[in-house]
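Undergrad: The structure under discussion is supplied below as structure tokens; questions concerning it will follow.
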Amino acid sequence: MKKFTSVSDIENLQQIIKKALQIKENPLSETEKGKGKTIGLVFLNSSLRTRLSSQIAAQNLGLNVLTLNAAQEAWNLEFADGAVMDGNTVEHIKDAIEVLNQYCDIIAVRCFAGMKNKEDDVNESILSQFEKHAKVPVISLESATRHPLQSLADCITITENWNEERKPKVVLTWAPHIKPIAHAVGNSFTEWMQEMDVDFVITNPEGYDLDKNFTKDTTVIHNQEEAFKDADFIYVKNWSSFDDYAEMPEVKEDWMLTNEKLKNTNNAKVMHCLPVRRNLELSDEVMDGENSIIYQQAKNRIFSAQTVFSEILDEINSGK
Amino acid sequence: MKKFTSVSDIENLQQIIKKALQIKENPLSETEKGKGKTIGLVFLNSSLRTRLSSQIAAQNLGLNVLTLNAAQEAWNLEFADGAVMDGNTVEHIKDAIEVLNQYCDIIAVRCFAGMKNKEDDVNESILSQFEKHAKVPVISLESATRHPLQSLADCITITENWNEERKPKVVLTWAPHIKPIAHAVGNSFTEWMQEMDVDFVITNPEGYDLDKNFTKDTTVIHNQEEAFKDADFIYVKNWSSFDDYAEMPEVKEDWMLTNEKLKNTNNAKVMHCLPVRRNLELSDEVMDGENSIIYQQAKNRIFSAQTVFSEILDEINSGK
Amino acid sequence: MKKFTSVSDIENLQQIIKKALQIKENPLSETEKGKGKTIGLVFLNSSLRTRLSSQIAAQNLGLNVLTLNAAQEAWNLEFADGAVMDGNTVEHIKDAIEVLNQYCDIIAVRCFAGMKNKEDDVNESILSQFEKHAKVPVISLESATRHPLQSLADCITITENWNEERKPKVVLTWAPHIKPIAHAVGNSFTEWMQEMDVDFVITNPEGYDLDKNFTKDTTVIHNQEEAFKDADFIYVKNWSSFDDYAEMPEVKEDWMLTNEKLKNTNNAKVMHCLPVRRNLELSDEVMDGENSIIYQQAKNRIFSAQTVFSEILDEINSGK
């Protein structure tokens with residue numbers, strides 16, 4: 001694996017999931033693989049799971065870890081090419097990346113959507129700079145349009161929780177929120193499910209359809225009850241409007257996931273990437289109930305990260 | 001030791017102090033004990049000594065350390081059970097703790113008193129959530145009502161500085177401050193001194209008596225001069241009113257510790273947990289003088305933490 | 001080496017540069033040297049390169065690293081001797097340093113000039129406290145008047161890029177900025193160049209002469225074009241007025257470095273300590289052009305730090 005910013009960086013998804021499950025069995029089986037190498041974890045945004053799971057994964061592989069809270073610890077970054085830097089920005093992202101090239105064997109970066117300029121977000125205005133200027137492998141710790149380490153953890157979790165021969169029905173459902181939230185998790189889960197051997201359906205209110213470049217020919221249903229019928233997995237996530245970018249068109253129905261709604265499913269397992277707003281996105285009873293596999297999903301973030309770091313180290317060590 | 005949030009988690013205090021002194025002699029005697037295990041250090045508040053000494057202690061034991069500045073690096077936490085999270089809080093403490101359960105073998109947390117709602121503080125509204133939801137051992141790095149790693153360091157320090165057969169007289173004295181300060185250090189020192197073989201006295205102005213649940217039958221004297229007579233150790237610390245919670249009733253006498261006041265003692269050693277406000281809580285001459293054992297006390301924070309981590313690792317490794 | 005806060009802490013500069021180049025060849029040749037020892041990296045200011053390169057250097061030597069963002073993570077510090085601490089400051093720098101003495105084998109600190117009080121800055125009001133109170137070796141990660149780890153990296157970079165017998169001509173040129181910037185890099189580069197076997201010239205606008213205590217008998221030319229003639233290295237850096245402290249007297253000529261201006265040189269290599277404001281201090285074409293050795297310079301920060309840490313560890317290990 002040369003880099004990891006979307007599902008297209010994976011050659012064989014089933015094989016990667018299998019490797020992740022082996023790592024989960026024995027997380028300390030490759031403690032020498034990263035020796036003498038350094039991974040830089042660059043956070044342009046808040047993080048709990050990604051921060052901790054990436055550190056654990058790196059330590060399990062013997063990697064040195066440099067964690068940088070870019071905004072608080074370093075300098076205010078400029079992103080515009082050709083900018084005359086006579087304003088608030090102190091360092092150009094290009095130069096920060098070039099320095100990271102000098103210091104790290106792998107660069108991992110978290111750079112959320114700004115939710116202000118649709119084009120900037122769709123074009124991954126920040127991650128694209130890393131992809132362009134990095135001379136070492138780049139790993140996304142969530143970018144404007146995708147959260148692939150989360151999605152791999154989601155695939156691992158679904159695999160662990162399914163042992164029937166038939167395909168499971170997986171439903172990604174929109175959930176309420178109070179602020180305009182980015183599309184990264186929804187997009188990313190969508191493109192990974194399209195690669196999995198599952199029946200995948202998205203349900204969201206009118207006006208909240210995800211970017212067609214991600215949903216492609218996936219079924220989108222605007223009636224949650226209909227979508228939930230016979231669901232084996234329900235993935236709960238909010239996002240704001242994509243068409244009317246970052247707006248929150250009024251939603252009249254109640255989209256919060258409750259135990260009542262689960263009755264309509266095939267005793268579906270409930271997933272969420274966290275953090276979750278309880279009693280807004282889903283009820284306490286769901287979160288704390290037997291159907292939730294949300295904490296298991298969080299734990300799998302370690303093995304998702306460790307698998308990716310391990311694959312990237314293989315590439316580095318092979319000198320390709 | 002299954003957890004460490006108060007003196008009651010200690011079976012045999014003398015034995016723990018003895019172990020701490022052995023670790024101080026040879027801090028690198030157990031570098032394999034924590035191998036492959038992870039301690040999460042979660043800071044909801046500022047920290048210098050606790051932060052650094054905990055990291056050193058963990059490294060000395062070969063533990064992986066995850067340090068999380070929760071407020072700045074992760075998400076704004078919700079503490080109320082059953083809350084409809086449609087406000088500023090992004091993640092419920094329960095969920096953050098469940099994730100830490102997945103990632104850590106030990107969870108250590110610093111969560112000061114809010115000093116706004118007496119009941120919340122007395123009931124340890126934050127630490128209690130950790131004690132309730134953590135599935136791995138919990139260590140307090142100072143909570144609303146106690147600072148046990150400090151108190152253990154205090155016991156180590158007194159032990160090192162006392163070799164007479166008679167019991168030493170130990171005085172905890174209130175000191176002036178400009179802001180309402182929490183009771184954790186005062187309470188905690190009190191309950192640990194009650195377990196030590198010392199004559200223990202508290203002195204503070206009227207209106208500043210500590211919580212009776214901590215002071216119990218300990219002598220409380222409102223006249224500092226009287227309390228200081230024949231003292232062997234004087235522990236300086238400010239706290240606000242407990243009865244009139246977080247208020248600062250007027251104090252007419254001068255309670256700052258000075259060399260002049262030390263004359264009235266048995267050449268008492270002076271202690272403080274730090275940070276200290278010089279020339280307000282105690283004078284420069286005391287801080288920089290021969291009677292101060294304050295920096296030694298700070299150093300012992302390493303061995304206090306290392307002893308506790310080591311005991312907890314013993315419990316984990318024994319698979320109890 | 002007993003400490004490292006200026007060039008005067010170096011006995012033999014050529015030998016140090018040689019050692020640094022050997023370390024660059026084989027950075028993992030001394031991974032046991034720092035085992036069981038702890039370096040505290042204390043940041044009172046922002047940092048990217050210094051933060052990361054110091055961590056890498058320390059890890060390469062097997063040192064434990066404690067990183068402290070003092071302002072955000074610890075307490076608001078008091079710097080005035082004898083202060084009655086009844087205001088905003090919570091801990092005296094003396095006490096913080098004494099605690100670091102207890103916890104660390106080496107203390108490294110970043111403490112920029114405040115740019116408000118000339119005397120405070122010239123007298124290194126913060127670093128001097130570390131030099132006075134530290135009982136372990138102190139390393140400057142940039143102070144009010146100097147940035148010696150940067151200057152050593154600069155010397156390494158010049159050495160790598162020069163293989164003619166004649167002395168190279170090195171020009172330190174002032175560059176435009178929008179804010180009053182400190183003199184540390186300019187001063188420091190000046191005093192290190194005075195020790196190197198180079199022809200060294202400084203060029204800056206009238207009103208921007210550096211402190212005479214640093215420039216000494218170095219030639220200062222107020223005409224950039226004249227200074228650039230036959231230059232082999234051009235070091236670009238802004239600083240505010242020293243005489244009219246922290247002011248920015250008007251500059252009418254254009255001092256930004258461009259390719260056009262490079263034509264006037266001996267195909268000079270371009271240096272900058274970073275962060276750089278593109279198209280203000282120097283043009284994109286220079287930054288991204290063939291003459292720039294700026295990223296190489298950034299990389300050499302690792303070997304500069306590692307050499308200094310290694311020398312200090314030699315001193316500690318020899319028990320001198």
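The way I read the labels, and the way they are meant: chains A, B, ... in the order of the structure tokens, residue 1 as the first residue of every chain, and ligand 1 as the first ligand shown, with later ones counted on from there.
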If we count only C-alpha atoms, which residues of chain C reach to within 8 Å of chain A? Please list them as a list of chain:residue names.
TA: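 Close enough to count are C:Leu28, C:Asn45, C:Ser46, C:Ser47, C:Leu48, C:Arg49, C:Leu52, C:Ser53, C:Gln55, C:Ile56, C:Gln59, C:Asn60, C:Asn69, C:His177, C:Ile178, C:Leu274, C:Pro275, C:Val276, C:Arg277, C:Arg278, C:Asn279, C:Leu280, C:Asp284, C:Tyr295, C:Gln296, C:Ala298, C:Lys299, C:Ile302.
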Undergrad: Give me every alpha helix (DSSP H) residue in segment 43-283 of chain C, going by DSSP on the backbone, as JSON, numbers by chain.
TA: {"C": [49, 50, 51, 52, 53, 54, 55, 56, 57, 58, 59, 60, 70, 71, 72, 73, 93, 94, 95, 96, 97, 98, 99, 100, 101, 102, 103, 118, 119, 120, 121, 122, 127, 128, 129, 130, 131, 132, 133, 148, 149, 150, 151, 152, 153, 154, 155, 156, 157, 158, 159, 160, 184, 185, 186, 187, 188, 189, 190, 191, 192, 193, 212, 213, 214, 215, 224, 225, 226, 227, 228, 259, 260, 261, 262]}
Undergrad: Could the residues in this selection be saved with C-alpha atoms as a PDB file, in the first residue's frame?
TA:
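The resulting again_9.pdb:
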ATOM      1  CA  ARG C  49      10.741  22.232  13.529  1.00  0.00           C
ATOM      2  CA  THR C  50      12.255  22.647  16.960  1.00  0.00           C
ATOM      3  CA  ARG C  51       9.550  20.519  18.559  1.00  0.00           C
ATOM      4  CA  LEU C  52       9.761  17.679  16.065  1.00  0.00           C
ATOM      5  CA  SER C  53      13.509  17.669  15.458  1.00  0.00           C
ATOM      6  CA  SER C  54      14.248  17.691  19.190  1.00  0.00           C
ATOM      7  CA  GLN C  55      11.909  14.764  19.749  1.00  0.00           C
ATOM      8  CA  ILE C  56      13.484  12.782  16.914  1.00  0.00           C
ATOM      9  CA  ALA C  57      16.988  13.578  18.134  1.00  0.00           C
ATOM     10  CA  ALA C  58      16.113  12.519  21.676  1.00  0.00           C
ATOM     11  CA  GLN C  59      14.479   9.299  20.485  1.00  0.00           C
ATOM     12  CA  ASN C  60      17.518   8.489  18.340  1.00  0.00           C
ATOM     13  CA  ALA C  70       3.782  25.308  29.557  1.00  0.00           C
ATOM     14  CA  ALA C  71       1.116  27.913  28.886  1.00  0.00           C
ATOM     15  CA  GLN C  72      -1.680  25.571  27.841  1.00  0.00           C
ATOM     16  CA  GLU C  73      -0.929  22.487  29.930  1.00  0.00           C
ATOM     17  CA  ILE C  93       9.417  30.122  37.258  1.00  0.00           C
ATOM     18  CA  LYS C  94      11.987  29.331  39.976  1.00  0.00           C
ATOM     19  CA  ASP C  95       9.747  26.673  41.413  1.00  0.00           C
ATOM     20  CA  ALA C  96       8.844  25.219  38.029  1.00  0.00           C
ATOM     21  CA  ILE C  97      12.559  24.959  37.245  1.00  0.00           C
ATOM     22  CA  GLU C  98      13.333  23.350  40.608  1.00  0.00           C
ATOM     23  CA  VAL C  99      10.688  20.743  39.883  1.00  0.00           C
ATOM     24  CA  LEU C 100      12.156  20.133  36.432  1.00  0.00           C
ATOM     25  CA  ASN C 101      15.509  19.657  38.183  1.00  0.00           C
ATOM     26  CA  GLN C 102      13.910  16.827  40.135  1.00  0.00           C
ATOM     27  CA  TYR C 103      12.357  15.222  37.062  1.00  0.00           C
ATOM     28  CA  LYS C 118      14.047  45.905  25.570  1.00  0.00           C
ATOM     29  CA  GLU C 119      15.930  45.376  28.789  1.00  0.00           C
ATOM     30  CA  ASP C 120      13.996  42.207  29.641  1.00  0.00           C
ATOM     31  CA  ASP C 121      14.752  40.763  26.234  1.00  0.00           C
ATOM     32  CA  VAL C 122      18.409  41.796  26.084  1.00  0.00           C
ATOM     33  CA  LEU C 127      16.399  31.935  29.904  1.00  0.00           C
ATOM     34  CA  SER C 128      18.554  33.555  32.581  1.00  0.00           C
ATOM     35  CA  GLN C 129      16.226  32.102  35.223  1.00  0.00           C
ATOM     36  CA  PHE C 130      16.786  28.662  33.751  1.00  0.00           C
ATOM     37  CA  GLU C 131      20.541  29.214  33.675  1.00  0.00           C
ATOM     38  CA  LYS C 132      20.447  30.413  37.269  1.00  0.00           C
ATOM     39  CA  HIS C 133      18.158  27.821  38.809  1.00  0.00           C
ATOM     40  CA  PRO C 148      21.784  28.311  18.687  1.00  0.00           C
ATOM     41  CA  LEU C 149      20.371  24.939  17.562  1.00  0.00           C
ATOM     42  CA  GLN C 150      19.255  26.707  14.387  1.00  0.00           C
ATOM     43  CA  SER C 151      22.669  28.294  13.956  1.00  0.00           C
ATOM     44  CA  LEU C 152      24.444  24.974  14.343  1.00  0.00           C
ATOM     45  CA  ALA C 153      22.118  23.496  11.705  1.00  0.00           C
ATOM     46  CA  ASP C 154      22.992  26.485   9.512  1.00  0.00           C
ATOM     47  CA  CYS C 155      26.714  25.804   9.924  1.00  0.00           C
ATOM     48  CA  ILE C 156      26.200  22.142   9.058  1.00  0.00           C
ATOM     49  CA  THR C 157      24.238  23.134   5.946  1.00  0.00           C
ATOM     50  CA  ILE C 158      26.838  25.621   4.747  1.00  0.00           C
ATOM     51  CA  THR C 159      29.582  23.037   5.298  1.00  0.00           C
ATOM     52  CA  GLU C 160      27.679  20.455   3.252  1.00  0.00           C
ATOM     53  CA  ALA C 184      17.273  35.910  17.899  1.00  0.00           C
ATOM     54  CA  VAL C 185      17.942  34.225  14.557  1.00  0.00           C
ATOM     55  CA  GLY C 186      19.787  37.218  13.154  1.00  0.00           C
ATOM     56  CA  ASN C 187      21.964  37.661  16.244  1.00  0.00           C
ATOM     57  CA  SER C 188      22.684  34.014  16.519  1.00  0.00           C
ATOM     58  CA  PHE C 189      23.555  33.455  12.872  1.00  0.00           C
ATOM     59  CA  THR C 190      25.864  36.445  13.170  1.00  0.00           C
ATOM     60  CA  GLU C 191      27.809  35.110  16.113  1.00  0.00           C
ATOM     61  CA  TRP C 192      28.158  31.653  14.604  1.00  0.00           C
ATOM     62  CA  MET C 193      29.320  33.037  11.244  1.00  0.00           C
ATOM     63  CA  LYS C 212      26.300  45.981  18.176  1.00  0.00           C
ATOM     64  CA  ASN C 213      27.116  43.432  20.892  1.00  0.00           C
ATOM     65  CA  PHE C 214      26.419  40.782  18.289  1.00  0.00           C
ATOM     66  CA  THR C 215      27.549  42.427  15.053  1.00  0.00           C
ATOM     67  CA  GLN C 224      21.222  45.051  -0.529  1.00  0.00           C
ATOM     68  CA  GLU C 225      22.367  44.984  -4.161  1.00  0.00           C
ATOM     69  CA  GLU C 226      25.917  45.884  -3.185  1.00  0.00           C
ATOM     70  CA  ALA C 227      25.948  43.292  -0.409  1.00  0.00           C
ATOM     71  CA  PHE C 228      24.724  40.523  -2.701  1.00  0.00           C
ATOM     72  CA  ASN C 259      15.407  35.345  -8.682  1.00  0.00           C
ATOM     73  CA  GLU C 260      16.216  38.659 -10.332  1.00  0.00           C
ATOM     74  CA  LYS C 261      18.296  39.625  -7.312  1.00  0.00           C
ATOM     75  CA  LEU C 262      20.038  36.251  -7.278  1.00  0.00           C
TER      76      LEU C 262
END
Undergrad: Using only C-alpha atoms, pick whichever of B:Lys179, B:Lys167, B:Lys263, B:Lys216 has the shortest atom-to-atom distance to Gln194 of chain B.
TA: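 Among the listed residues, the smallest separation from Gln194 of chain B belongs to B:Lys216.
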Undergrad: As a ChimeraX atom specification, please: every residue in segment 176-230 of chain C that a backbone DSSP assignment puts in strand (DSSP E or B).
TA: /C:199-203,219-221
Undergrad: Could you save the residues just selected, with C-alpha atoms, as an mmCIF file, in the first residue's frame?
TA:
data_model
loop_
_atom_site.group_PDB
_atom_site.id
_atom_site.type_symbol
_atom_site.label_atom_id
_atom_site.label_comp_id
_atom_site.auth_asym_id
_atom_site.auth_seq_id
_atom_site.Cartn_x
_atom_site.Cartn_y
_atom_site.Cartn_z
ATOM 1 C CA ASP C 199 33.436 36.121 4.605
ATOM 2 C CA PHE C 200 30.367 37.371 6.411
ATOM 3 C CA VAL C 201 28.326 40.451 5.602
ATOM 4 C CA ILE C 202 25.016 41.709 6.950
ATOM 5 C CA THR C 203 22.680 43.848 4.905
ATOM 6 C CA THR C 219 30.438 44.618 7.955
ATOM 7 C CA VAL C 220 26.894 45.994 7.791
ATOM 8 C CA ILE C 221 25.812 47.348 4.407
#
Undergrad: Tell me, in Å to one decimal, how far atom CA of Ile126 of chain C is from atom CA of Tyr208 of chain C.
TA: 24.6 Å
Undergrad: Do a neighbour search on Met1 of chain A at 8 Å with only C-alpha atoms, toss out local chain neighbours closer than 4 positions, and write the hits as a PyMOL selection string.
TA: chain A and resi 9-11+308+311-312+314-315
